[in-house]
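Trainee: Sharing start.pdb below, PDB, C-alpha atoms:
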```pdb
ATOM      1  CA  MET A   1     -19.921  18.792  -6.048
ATOM      2  CA  PRO A   2     -16.380  17.493  -5.400
ATOM      3  CA  SER A   3     -16.083  15.222  -2.402
ATOM      4  CA  THR A   4     -13.981  16.240   0.586
ATOM      5  CA  ILE A   5     -11.997  14.285   3.140
ATOM      6  CA  PHE A   6     -10.932  15.031   6.693
ATOM      7  CA  PHE A   7      -7.153  15.355   7.028
ATOM      8  CA  TYR A   8      -5.168  15.679  10.247
ATOM      9  CA  GLN A   9      -1.404  15.869  10.702
ATOM     10  CA  THR A  10       0.096  16.908  14.030
ATOM     11  CA  ASP A  11       3.510  18.133  12.780
ATOM     12  CA  GLU A  12       2.790  20.252   9.720
ATOM     13  CA  PHE A  13      -0.974  20.587   9.514
ATOM     14  CA  GLN A  14      -3.905  21.325  11.765
ATOM     15  CA  GLU A  15      -7.424  20.196  10.898
ATOM     16  CA  TYR A  16      -8.666  20.755   7.356
ATOM     17  CA  MET A  17     -11.262  19.626   4.884
ATOM     18  CA  ILE A  18      -9.374  18.752   1.681
ATOM     19  CA  ASN A  19     -10.926  18.436  -1.732
ATOM     20  CA  ASN A  20     -10.522  14.780  -2.684
ATOM     21  CA  ARG A  21      -9.894  15.546  -6.352
ATOM     22  CA  ASP A  22      -7.199  18.116  -5.478
ATOM     23  CA  LEU A  23      -5.437  15.523  -3.327
ATOM     24  CA  ASP A  24      -5.542  12.923  -6.120
ATOM     25  CA  TYR A  25      -4.151  15.470  -8.584
ATOM     26  CA  PHE A  26      -1.374  16.388  -6.135
ATOM     27  CA  VAL A  27      -0.398  12.697  -5.634
ATOM     28  CA  THR A  28      -0.074  12.221  -9.403
ATOM     29  CA  ALA A  29       2.009  15.399  -9.731
ATOM     30  CA  ALA A  30       4.239  14.258  -6.837
ATOM     31  CA  GLN A  31       4.773  10.873  -8.489
ATOM     32  CA  ILE A  32       5.731  12.321 -11.880
ATOM     33  CA  MET A  33       7.350  15.588 -10.678
ATOM     34  CA  ASN A  34       6.490  17.288 -13.951
ATOM     35  CA  LEU A  35       3.271  19.317 -14.206
ATOM     36  CA  ARG A  36       3.028  19.027 -17.983
ATOM     37  CA  LEU A  37       3.342  15.233 -17.973
ATOM     38  CA  ALA A  38       1.144  14.925 -14.888
ATOM     39  CA  SER A  39      -1.635  16.983 -16.505
ATOM     40  CA  GLN A  40      -1.448  14.742 -19.585
ATOM     41  CA  ASN A  41      -1.666  11.680 -17.365
ATOM     42  CA  LEU A  42      -4.734  13.140 -15.623
ATOM     43  CA  ASN A  43      -6.263  14.262 -18.915
ATOM     44  CA  ILE A  44      -6.601  17.871 -17.762
ATOM     45  CA  THR A  45      -4.844  21.079 -18.778
ATOM     46  CA  GLN A  46      -1.633  22.163 -17.070
ATOM     47  CA  PRO A  47      -3.239  25.454 -15.815
ATOM     48  CA  ALA A  48      -6.054  23.383 -14.263
ATOM     49  CA  LEU A  49      -3.506  21.187 -12.444
ATOM     50  CA  SER A  50      -1.548  24.238 -11.256
ATOM     51  CA  LYS A  51      -4.770  25.821  -9.999
ATOM     52  CA  SER A  52      -5.654  22.630  -8.118
ATOM     53  CA  ILE A  53      -2.262  22.511  -6.369
ATOM     54  CA  THR A  54      -2.429  26.220  -5.535
ATOM     55  CA  ARG A  55      -5.884  25.712  -4.037
ATOM     56  CA  LEU A  56      -4.558  22.831  -1.923
ATOM     57  CA  GLU A  57      -1.580  24.898  -0.715
ATOM     58  CA  LYS A  58      -3.904  27.785   0.153
ATOM     59  CA  GLU A  59      -6.231  25.442   2.068
ATOM     60  CA  LEU A  60      -3.296  24.061   4.069
ATOM     61  CA  SER A  61      -1.429  27.393   4.318
ATOM     62  CA  ILE A  62       1.842  25.731   3.357
ATOM     63  CA  LYS A  63       3.963  25.141   0.253
ATOM     64  CA  LEU A  64       3.978  21.611  -1.164
ATOM     65  CA  PHE A  65       6.462  22.046  -4.021
ATOM     66  CA  LYS A  66       9.625  24.068  -4.476
ATOM     67  CA  ARG A  67      11.746  24.747  -7.514
ATOM     68  CA  ALA A  68      14.893  22.646  -8.004
ATOM     69  CA  GLY A  69      16.734  23.916 -11.080
ATOM     70  CA  ARG A  70      14.342  23.436 -13.962
ATOM     71  CA  GLY A  71      12.299  20.842 -12.127
ATOM     72  CA  LEU A  72      10.209  20.469  -8.995
ATOM     73  CA  GLU A  73      10.919  19.063  -5.567
ATOM     74  CA  LEU A  74       8.598  18.248  -2.698
ATOM     75  CA  THR A  75       8.867  20.240   0.507
ATOM     76  CA  GLU A  76       8.829  18.391   3.818
ATOM     77  CA  ALA A  77       5.085  19.094   4.053
ATOM     78  CA  GLY A  78       4.690  17.872   0.469
ATOM     79  CA  ARG A  79       6.424  14.592   1.288
ATOM     80  CA  ILE A  80       4.148  14.028   4.281
ATOM     81  CA  LEU A  81       1.016  14.816   2.284
ATOM     82  CA  TYR A  82       2.186  12.571  -0.574
ATOM     83  CA  GLN A  83       2.678   9.622   1.800
ATOM     84  CA  ARG A  84      -0.714  10.181   3.419
ATOM     85  CA  GLY A  85      -2.326  10.626   0.021
ATOM     86  CA  LEU A  86      -0.991   7.273  -1.160
ATOM     87  CA  ALA A  87      -2.354   5.630   1.989
ATOM     88  CA  LEU A  88      -5.776   7.194   1.409
ATOM     89  CA  GLN A  89      -5.844   6.055  -2.222
ATOM     90  CA  SER A  90      -4.982   2.545  -1.056
ATOM     91  CA  SER A  91      -7.885   2.730   1.400
ATOM     92  CA  TYR A  92     -10.244   3.766  -1.385
ATOM     93  CA  HIS A  93      -9.102   0.761  -3.419
ATOM     94  CA  GLU A  94      -9.591  -1.584  -0.452
ATOM     95  CA  ILE A  95     -13.102  -0.294   0.233
ATOM     96  CA  THR A  96     -14.052  -0.741  -3.418
ATOM     97  CA  GLU A  97     -12.582  -4.242  -3.396
ATOM     98  CA  VAL A  98     -14.556  -5.217  -0.304
ATOM     99  CA  MET A  99     -17.809  -3.847  -1.733
ATOM    100  CA  ASN A 100     -17.270  -5.687  -5.019
ATOM    101  CA  GLU A 101     -16.572  -8.924  -3.178
ATOM    102  CA  LEU A 102     -19.635  -8.572  -0.968
ATOM    103  CA  SER A 103     -21.867  -7.813  -3.938
ATOM    104  CA  SER A 104     -20.589 -10.919  -5.741
ATOM    105  CA  GLY A 105     -21.033 -13.249  -2.766
ATOM    106  CA  ALA A 106     -17.536 -13.138  -1.198
ATOM    107  CA  GLY A 107     -15.850 -13.858  -4.508
ATOM    108  CA  GLY A 108     -12.987 -11.718  -5.706
ATOM    109  CA  ILE A 109      -9.333 -12.072  -6.560
ATOM    110  CA  VAL A 110      -6.695 -13.237  -4.074
ATOM    111  CA  ARG A 111      -3.003 -12.994  -4.932
ATOM    112  CA  VAL A 112      -1.187 -15.921  -3.334
ATOM    113  CA  GLY A 113       2.530 -16.585  -3.175
ATOM    114  CA  ILE A 114       3.239 -20.263  -2.610
ATOM    115  CA  SER A 115       6.330 -22.422  -2.195
ATOM    116  CA  GLY A 116       7.100 -25.161  -4.684
ATOM    117  CA  SER A 117       6.527 -27.966  -2.180
ATOM    118  CA  SER A 118       3.178 -26.521  -1.090
ATOM    119  CA  THR A 119       1.960 -26.526  -4.681
ATOM    120  CA  GLN A 120       2.294 -30.312  -4.557
ATOM    121  CA  PHE A 121       0.587 -31.250  -1.298
ATOM    122  CA  LEU A 122      -1.450 -28.208  -0.163
ATOM    123  CA  LEU A 123      -2.566 -26.257  -3.219
ATOM    124  CA  PRO A 124      -4.665 -28.975  -4.919
ATOM    125  CA  GLU A 125      -6.784 -29.475  -1.790
ATOM    126  CA  ILE A 126      -7.077 -25.719  -1.198
ATOM    127  CA  CYS A 127      -8.296 -25.144  -4.761
ATOM    128  CA  LYS A 128     -10.723 -28.055  -4.542
ATOM    129  CA  MET A 129     -12.299 -26.737  -1.353
ATOM    130  CA  LEU A 130     -12.469 -23.152  -2.622
ATOM    131  CA  GLN A 131     -14.168 -24.236  -5.842
ATOM    132  CA  SER A 132     -16.746 -26.078  -3.781
ATOM    133  CA  GLN A 133     -17.412 -23.228  -1.359
ATOM    134  CA  VAL A 134     -16.701 -20.065  -3.406
ATOM    135  CA  PRO A 135     -16.810 -20.960  -7.123
ATOM    136  CA  ASN A 136     -16.628 -17.319  -8.249
ATOM    137  CA  MET A 137     -13.276 -16.704  -6.530
ATOM    138  CA  LYS A 138     -10.116 -16.314  -8.595
ATOM    139  CA  LEU A 139      -6.599 -17.084  -7.358
ATOM    140  CA  GLU A 140      -3.552 -15.407  -8.887
ATOM    141  CA  ILE A 141      -0.643 -17.643  -7.890
ATOM    142  CA  GLN A 142       3.072 -16.863  -7.797
ATOM    143  CA  ILE A 143       5.297 -19.903  -7.184
ATOM    144  CA  GLY A 144       8.727 -19.235  -5.725
ATOM    145  CA  MET A 145      11.190 -19.430  -2.864
ATOM    146  CA  ASN A 146      10.659 -17.578   0.415
ATOM    147  CA  ASP A 147      13.048 -14.717  -0.451
ATOM    148  CA  VAL A 148      11.306 -13.882  -3.724
ATOM    149  CA  LEU A 149       7.818 -14.300  -2.285
ATOM    150  CA  PHE A 150       8.514 -12.038   0.673
ATOM    151  CA  THR A 151       9.812  -9.309  -1.626
ATOM    152  CA  LEU A 152       6.500  -9.516  -3.490
ATOM    153  CA  LEU A 153       4.616  -9.395  -0.187
ATOM    154  CA  GLU A 154       6.450  -6.257   0.939
ATOM    155  CA  ARG A 155       5.643  -4.598  -2.391
ATOM    156  CA  HIS A 156       1.973  -5.556  -1.908
ATOM    157  CA  ALA A 157       2.148  -7.545  -5.154
ATOM    158  CA  ILE A 158       0.683 -10.551  -3.318
ATOM    159  CA  ASP A 159      -1.691 -10.745  -0.354
ATOM    160  CA  ILE A 160      -0.433 -13.819   1.512
ATOM    161  CA  ILE A 161       2.271 -16.487   1.362
ATOM    162  CA  ILE A 162       1.487 -20.180   1.809
ATOM    163  CA  GLY A 163       4.611 -22.167   2.565
ATOM    164  CA  PRO A 164       7.332 -22.744   5.172
ATOM    165  CA  LEU A 165       7.277 -20.292   8.080
ATOM    166  CA  VAL A 166      10.642 -18.533   8.288
ATOM    167  CA  ASN A 167      11.953 -15.521  10.192
ATOM    168  CA  TYR A 168      11.650 -12.188   8.400
ATOM    169  CA  GLU A 169      13.056  -8.807   9.371
ATOM    170  CA  SER A 170       9.745  -7.043   8.745
ATOM    171  CA  PRO A 171       6.832  -7.596  11.182
ATOM    172  CA  VAL A 172       4.494 -10.319   9.919
ATOM    173  CA  VAL A 173       1.616 -12.485  11.107
ATOM    174  CA  GLN A 174       2.202 -16.229  10.706
ATOM    175  CA  ILE A 175      -0.279 -19.060  11.258
ATOM    176  CA  PRO A 176       1.034 -22.655  11.174
ATOM    177  CA  VAL A 177      -1.297 -25.108   9.442
ATOM    178  CA  THR A 178       0.769 -28.280   9.136
ATOM    179  CA  ALA A 179       4.264 -29.722   9.565
ATOM    180  CA  ASP A 180       6.810 -30.849   7.013
ATOM    181  CA  ARG A 181      10.202 -32.543   6.833
ATOM    182  CA  VAL A 182      12.824 -31.834   4.174
ATOM    183  CA  VAL A 183      15.276 -34.629   3.343
ATOM    184  CA  VAL A 184      18.003 -35.474   0.856
ATOM    185  CA  CYS A 185      16.667 -37.310  -2.171
ATOM    186  CA  ALA A 186      17.826 -38.666  -5.508
ATOM    187  CA  SER A 187      16.719 -40.943  -8.328
ATOM    188  CA  SER A 188      16.031 -44.518  -7.255
ATOM    189  CA  ASP A 189      19.121 -45.747  -9.124
ATOM    190  CA  HIS A 190      21.554 -43.200  -7.618
ATOM    191  CA  PRO A 191      24.849 -44.708  -6.314
ATOM    192  CA  LEU A 192      23.963 -43.604  -2.751
ATOM    193  CA  ALA A 193      20.448 -45.054  -2.785
ATOM    194  CA  GLY A 194      19.606 -47.657  -0.173
ATOM    195  CA  LYS A 195      22.525 -47.200   2.227
ATOM    196  CA  PRO A 196      23.497 -44.868   5.097
ATOM    197  CA  THR A 197      25.518 -41.958   3.759
ATOM    198  CA  SER A 198      27.883 -39.482   5.449
ATOM    199  CA  LEU A 199      28.005 -35.747   4.833
ATOM    200  CA  ARG A 200      31.424 -36.108   3.263
ATOM    201  CA  GLU A 201      30.087 -38.647   0.779
ATOM    202  CA  LEU A 202      27.174 -36.364  -0.051
ATOM    203  CA  SER A 203      29.534 -33.473  -0.745
ATOM    204  CA  ARG A 204      31.214 -35.477  -3.529
ATOM    205  CA  PHE A 205      28.083 -35.579  -5.681
ATOM    206  CA  GLY A 206      26.324 -32.883  -7.657
ATOM    207  CA  TRP A 207      23.207 -31.147  -6.317
ATOM    208  CA  ILE A 208      20.146 -29.210  -7.465
ATOM    209  CA  LEU A 209      19.459 -26.457  -4.917
ATOM    210  CA  PRO A 210      17.865 -23.018  -4.578
ATOM    211  CA  ALA A 211      19.889 -19.809  -4.217
ATOM    212  CA  LYS A 212      21.876 -19.046  -1.052
ATOM    213  CA  THR A 213      19.314 -16.382  -0.069
ATOM    214  CA  VAL A 214      16.716 -19.112   0.566
ATOM    215  CA  SER A 215      16.399 -20.241   4.199
ATOM    216  CA  MET A 216      16.347 -23.957   3.327
ATOM    217  CA  ARG A 217      19.664 -23.645   1.430
ATOM    218  CA  GLN A 218      21.179 -21.662   4.309
ATOM    219  CA  TRP A 219      20.195 -24.394   6.778
ATOM    220  CA  LEU A 220      21.666 -27.108   4.547
ATOM    221  CA  ASP A 221      24.957 -25.262   3.970
ATOM    222  CA  GLY A 222      25.154 -24.595   7.716
ATOM    223  CA  ILE A 223      25.048 -28.311   8.551
ATOM    224  CA  PHE A 224      27.975 -29.053   6.226
ATOM    225  CA  TYR A 225      29.936 -26.083   7.607
ATOM    226  CA  GLU A 226      29.331 -27.048  11.257
ATOM    227  CA  ASN A 227      30.621 -30.563  10.538
ATOM    228  CA  HIS A 228      33.745 -29.308   8.725
ATOM    229  CA  CYS A 229      32.669 -30.756   5.383
ATOM    230  CA  PRO A 230      32.831 -29.171   1.931
ATOM    231  CA  PRO A 231      29.492 -27.582   0.973
ATOM    232  CA  PRO A 232      27.194 -29.283  -1.533
ATOM    233  CA  ASP A 233      28.544 -29.176  -5.088
ATOM    234  CA  VAL A 234      25.687 -27.265  -6.729
ATOM    235  CA  LYS A 235      25.425 -28.109 -10.423
ATOM    236  CA  VAL A 236      21.985 -26.561 -10.934
ATOM    237  CA  GLU A 237      20.714 -23.552  -8.996
ATOM    238  CA  ILE A 238      16.980 -23.168  -9.456
ATOM    239  CA  SER A 239      14.419 -20.501  -8.510
ATOM    240  CA  SER A 240      11.606 -22.934  -7.712
ATOM    241  CA  LEU A 241      11.641 -26.559  -6.594
ATOM    242  CA  ALA A 242       8.183 -27.177  -8.065
ATOM    243  CA  SER A 243       9.672 -28.644 -11.240
ATOM    244  CA  VAL A 244      12.631 -30.322  -9.561
ATOM    245  CA  PRO A 245      11.293 -33.868  -8.904
ATOM    246  CA  GLY A 246      11.294 -34.804 -12.585
ATOM    247  CA  LEU A 247      14.708 -33.208 -13.011
ATOM    248  CA  ILE A 248      16.138 -35.186 -10.096
ATOM    249  CA  ALA A 249      14.780 -38.446 -11.496
ATOM    250  CA  LYS A 250      16.603 -38.000 -14.802
ATOM    251  CA  SER A 251      19.695 -35.940 -13.969
ATOM    252  CA  GLY A 252      21.379 -38.174 -11.394
ATOM    253  CA  LEU A 253      21.769 -35.156  -9.066
ATOM    254  CA  LEU A 254      20.927 -34.937  -5.367
ATOM    255  CA  SER A 255      18.442 -32.444  -3.959
ATOM    256  CA  PHE A 256      16.668 -31.408  -0.764
ATOM    257  CA  LEU A 257      12.902 -31.900  -0.928
ATOM    258  CA  SER A 258       9.812 -32.226   1.231
ATOM    259  CA  GLU A 259       8.885 -35.758   2.246
ATOM    260  CA  ASN A 260       5.355 -34.870   1.157
ATOM    261  CA  ILE A 261       6.595 -34.640  -2.434
ATOM    262  CA  LEU A 262       8.419 -37.973  -2.194
ATOM    263  CA  ALA A 263       5.154 -39.534  -1.010
ATOM    264  CA  GLU A 264       3.316 -38.420  -4.152
ATOM    265  CA  GLU A 265       2.249 -41.400  -6.262
ATOM    266  CA  GLU A 266       3.918 -39.865  -9.314
ATOM    267  CA  PHE A 267       7.357 -39.984  -7.672
ATOM    268  CA  ILE A 268       7.272 -42.991  -5.313
ATOM    269  CA  SER A 269       8.928 -45.319  -7.837
ATOM    270  CA  ARG A 270      11.269 -42.684  -9.325
ATOM    271  CA  LEU A 271      12.711 -40.912  -6.271
ATOM    272  CA  ILE A 272      14.171 -42.156  -3.010
ATOM    273  CA  ARG A 273      15.249 -40.590   0.250
ATOM    274  CA  ILE A 274      18.992 -40.747   0.869
ATOM    275  CA  ASP A 275      19.660 -41.998   4.382
ATOM    276  CA  ASN A 276      21.359 -39.288   6.476
ATOM    277  CA  ASP A 277      19.780 -38.304   9.810
ATOM    278  CA  GLN A 278      21.811 -35.083  10.078
ATOM    279  CA  LEU A 279      20.078 -33.671   7.017
ATOM    280  CA  VAL A 280      16.473 -33.847   8.133
ATOM    281  CA  MET A 281      14.989 -30.377   8.389
ATOM    282  CA  GLU A 282      11.822 -30.116  10.491
ATOM    283  CA  ARG A 283       9.729 -27.085   9.560
ATOM    284  CA  ARG A 284       6.292 -25.582  10.003
ATOM    285  CA  VAL A 285       4.198 -24.755   6.977
ATOM    286  CA  GLY A 286       1.526 -22.107   7.123
ATOM    287  CA  ILE A 287       0.272 -18.678   6.077
ATOM    288  CA  THR A 288       2.194 -15.394   6.258
ATOM    289  CA  TRP A 289       1.023 -11.824   5.731
ATOM    290  CA  LEU A 290       2.310  -8.387   6.657
ATOM    291  CA  GLU A 291       1.373  -7.152  10.108
ATOM    292  CA  GLY A 292      -1.400  -4.574   9.829
ATOM    293  CA  ALA A 293      -2.121  -5.469   6.199
ATOM    294  CA  PHE A 294      -5.660  -5.249   4.879
ATOM    295  CA  LEU A 295      -7.215  -8.689   4.369
ATOM    296  CA  SER A 296     -10.225  -8.689   2.069
ATOM    297  CA  PRO A 297     -13.114 -11.105   2.750
ATOM    298  CA  ALA A 298     -11.859 -13.258  -0.129
ATOM    299  CA  THR A 299      -8.338 -13.367   1.354
ATOM    300  CA  GLN A 300      -9.768 -14.289   4.759
ATOM    301  CA  LYS A 301     -11.666 -17.112   3.062
ATOM    302  CA  VAL A 302      -8.449 -18.480   1.541
ATOM    303  CA  ILE A 303      -6.825 -18.351   4.984
ATOM    304  CA  GLU A 304      -9.804 -20.179   6.526
ATOM    305  CA  VAL A 305      -9.717 -22.898   3.850
ATOM    306  CA  THR A 306      -5.928 -23.324   4.097
ATOM    307  CA  LYS A 307      -6.230 -23.846   7.855
ATOM    308  CA  ALA A 308      -8.977 -26.433   7.280
ATOM    309  CA  VAL A 309      -6.860 -28.299   4.710
ATOM    310  CA  GLY A 310      -3.894 -28.317   7.093
ATOM    311  CA  LYS A 311      -6.049 -29.655   9.930
ATOM    312  CA  LYS A 312      -7.399 -32.377   7.666
ATOM    313  CA  MET A 313      -3.859 -33.406   6.652
ATOM    314  CA  GLN A 314      -2.714 -33.601  10.268
ATOM    315  CA  MET A 315      -5.694 -35.763  11.217
ATOM    316  CA  GLU A 316      -4.981 -38.130   8.307
ATOM    317  CA  SER A 317      -1.311 -38.354   9.315
ATOM    318  CA  ARG A 318      -2.221 -39.253  12.896
ATOM    319  CA  ARG A 319      -4.671 -41.873  11.638
ATOM    320  CA  VAL A 320      -1.984 -43.480   9.449
ATOM    321  CA  LEU A 321       0.476 -43.570  12.391
ATOM    322  CA  GLU A 322      -2.137 -45.173  14.669
ATOM    323  CA  GLU A 323      -2.881 -47.859  12.088
TER     324      GLU A 323
END
```
Can you dump the structure from the file as structure tokens?

Mentor:
Amino acid sequence: MPSTIFFYQTDEFQEYMINNRDLDYFVTAAQIMNLRLASQNLNITQPALSKSITRLEKELSIKLFKRAGRGLELTEAGRILYQRGLALQSSYHEITEVMNELSSGAGGIVRVGISGSSTQFLLPEICKMLQSQVPNMKLEIQIGMNDVLFTLLERHAIDIIIGPLVNYESPVVQIPVTADRVVVCASSDHPLAGKPTSLRELSRFGWILPAKTVSMRQWLDGIFYENHCPPPDVKVEISSLASVPGLIAKSGLLSFLSENILAEEEFISRLIRIDNDQLVMERRVGITWLEGAFLSPATQKVIEVTKAVGKKMQMESRRVLEE
């Protein structure tokens, strides 16, 4: 017997029991807006799909589609039902995901967007701890700048972002886990290495920087503008700074990188901070997700581990300062 769901909508609908299969068929038809193609997609006949939609309209006592030339168009009620139907399908998926994770011992797949700098100093420790505590978990990682990652987050293509905490127009939840400083850097044999440098001097050399839509680049450009200096002469614009350290070491170009990266053993002898106190960007690094978003048990575990790694890093930093 087909399952039913309770549906309530104050504006267009009263209280009804809707056949779950009819609702799924309607959502597919509303996505494709062609009954023939929708029936093929559902692997049913077109008359069967038409009958399902008619049954749904009769149950709700309202039209869901209307003719628009040779095609179809959703009515206002149809648009509302389509939006609610998508939300219900998403809920079904989330419930299934939770059950699968619980049955496999809190494993599962977590889609993480992470900044280039965080891949260097946070990600290795996060992965190490997760493998120790939840070996059957899988991470799907997207590395990028904050603008690209947030677009993915809004599209629900990733679950969380690990990286610098920046202001977004959409409502989000943000949890700081550690601190970071971004500074000007170059190869150890750069002409500006080892001496105090002015903004005007820095503007005469070539740079490797992210796009202007990235908050870090906007902050950097703003400092030059506020001090009436030409902006950085960008020779290479790059979508992720994860691969930049090696490029800086060989290209002779300046860049703007986390001090955590400069402290990596691999780069200590190859890269150097350029001395300019105006271009030191203090920032918080943490976890971001959409307000009200569903967080699976596996995603909550990644958040818990990331917080633990951040706490551990802060304790080690304090210990080094005390020594």

Trainee: Closest to Ser240 (chain A) among A:Tyr92, A:Thr119, A:Asn227, A:Ala29, using only C-alpha atoms?

Mentor: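 Nearest candidate to Ser240 (chain A) out of A:Tyr92, A:Thr119, A:Asn227, A:Ala29: A:Thr119.
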
Trainee: Let me make sure I understand: among A:Ile272, A:Ile114, A:Leu165, A:Ala293, which one has the smallest atom-to-atom distance to Gly194 (chain A) if we use all atoms listed in the file?

Mentor: A:Ile272

Trainee: Kindly give the distance, in Å, that separates CA of Lys212 (chain A) and CA of Glu169 (chain A), rounded to a single decimal.

Mentor: 17.1 Å

Trainee: Just want the 12 Å neighbourhood of region 221-224 of chain A, counted on all atoms listed in the file, with same-chain residues fewer than 3 positions away dropped. Output as a ChimeraX atom specification.

Mentor: /A:198-203,207,209-218,227-234,256,276-281

Trainee: For the PyMOL selection byres ((chain A and resi 159-164) around 10), applied here, can you spell out every residue it catches as number ranges by chain?

Mentor: A: 109-119, 122-123, 140-146, 149-150, 152-158, 165-167, 173-180, 215-216, 283-290, 293-296, 299-300, 302-303, 306

Trainee: Using the chain letters and numbers from this file, what does the PyMOL selection byres ((chain A and resi 36) around 12) select? Give the answer as a PDB file with C-alpha atoms, keeping the file's coordinate frame.

Mentor:
```
ATOM      1  CA  THR A  28      -0.074  12.221  -9.403  1.00  0.00           C
ATOM      2  CA  ALA A  29       2.009  15.399  -9.731  1.00  0.00           C
ATOM      3  CA  ILE A  32       5.731  12.321 -11.880  1.00  0.00           C
ATOM      4  CA  MET A  33       7.350  15.588 -10.678  1.00  0.00           C
ATOM      5  CA  ASN A  34       6.490  17.288 -13.951  1.00  0.00           C
ATOM      6  CA  LEU A  35       3.271  19.317 -14.206  1.00  0.00           C
ATOM      7  CA  LEU A  37       3.342  15.233 -17.973  1.00  0.00           C
ATOM      8  CA  ALA A  38       1.144  14.925 -14.888  1.00  0.00           C
ATOM      9  CA  SER A  39      -1.635  16.983 -16.505  1.00  0.00           C
ATOM     10  CA  GLN A  40      -1.448  14.742 -19.585  1.00  0.00           C
ATOM     11  CA  ASN A  41      -1.666  11.680 -17.365  1.00  0.00           C
ATOM     12  CA  LEU A  42      -4.734  13.140 -15.623  1.00  0.00           C
ATOM     13  CA  ASN A  43      -6.263  14.262 -18.915  1.00  0.00           C
ATOM     14  CA  ILE A  44      -6.601  17.871 -17.762  1.00  0.00           C
ATOM     15  CA  THR A  45      -4.844  21.079 -18.778  1.00  0.00           C
ATOM     16  CA  GLN A  46      -1.633  22.163 -17.070  1.00  0.00           C
ATOM     17  CA  PRO A  47      -3.239  25.454 -15.815  1.00  0.00           C
ATOM     18  CA  ALA A  48      -6.054  23.383 -14.263  1.00  0.00           C
ATOM     19  CA  LEU A  49      -3.506  21.187 -12.444  1.00  0.00           C
ATOM     20  CA  SER A  50      -1.548  24.238 -11.256  1.00  0.00           C
ATOM     21  CA  GLY A  71      12.299  20.842 -12.127  1.00  0.00           C
ATOM     22  CA  LEU A  72      10.209  20.469  -8.995  1.00  0.00           C
TER      23      LEU A  72
END
```

Trainee: Take every atom of region 196-209 of chain A listed in the file, pad by 8 Å on each side, and give me the axis-aligned box centre and edge lengths in Å, one decimal, as JSON.

Mentor:
```
{"center_x": 25.4, "center_y": -35.7, "center_z": -1.1, "size_x": 28.0, "size_y": 34.4, "size_z": 29.1}
```

Trainee: Around (17.5, -24.3, -12.2) in the file's own coordinates, what residues are found within 12 Å if you use only C-alpha atoms, given back as a ChimeraX atom specification?

Mentor: /A:207-211,234-245,247-248,251,255

Trainee: Just to confirm, what's the straight-line distance from CA of Phe26 (chain A) to CA of Glu291 (chain A) in Å (one decimal)?

Mentor: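 Here the two named atoms are 28.7 Å from each other.
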
Trainee: Could you list, as a list in words, every residue matched by the PyMOL selection byres ((chain A and resi 22) around 8) in this structure?

Mentor: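 So the PyMOL selection byres ((chain A and resi 22) around 8) ends up selecting Ile18, Asn19, Asn20, Arg21, Leu23, Asp24, Tyr25, Phe26, Ser52, Ile53, Arg55 and Leu56 of chain A.
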
Trainee: For CA of Lys312 (chain A) and CA of Ala263 (chain A), quote the distance in Å rounded to one decimal.

Mentor: 16.9 Å

Trainee: Find, counting all atoms listed in the file, the residue in A:Trp219, A:Lys307, A:Asn136, A:Pro171 that gets nearest to Gly292 (chain A).

Mentor: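 The closest residue to Gly292 (chain A) is A:Pro171.
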
Trainee: Kindly provide, as a list in words, the polymer residues lying within 10 Å of (17.8, -44.6, -15.1), counting only C-alpha atoms and using the coordinates exactly as they appear in the file.

Mentor: Ser187, Ser188, Asp189, His190, Ala249, Lys250, Ser251, Gly252 and Arg270 of chain A

Trainee: Which residues, written as a ChimeraX atom specification, have at least one atom at most 10 Å from Gln83 (chain A), with all atoms listed in the file counted and residues fewer than 5 positions away on the same chain left out?

Mentor: /A:27,30,78,88

Trainee: When you count only C-alpha atoms, which of these residues is closest to Ala298 (chain A): A:Gly206, A:Gly246, A:Gly310, A:Pro135?

Mentor: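 Smallest separation from Ala298 (chain A) among the options: A:Pro135.
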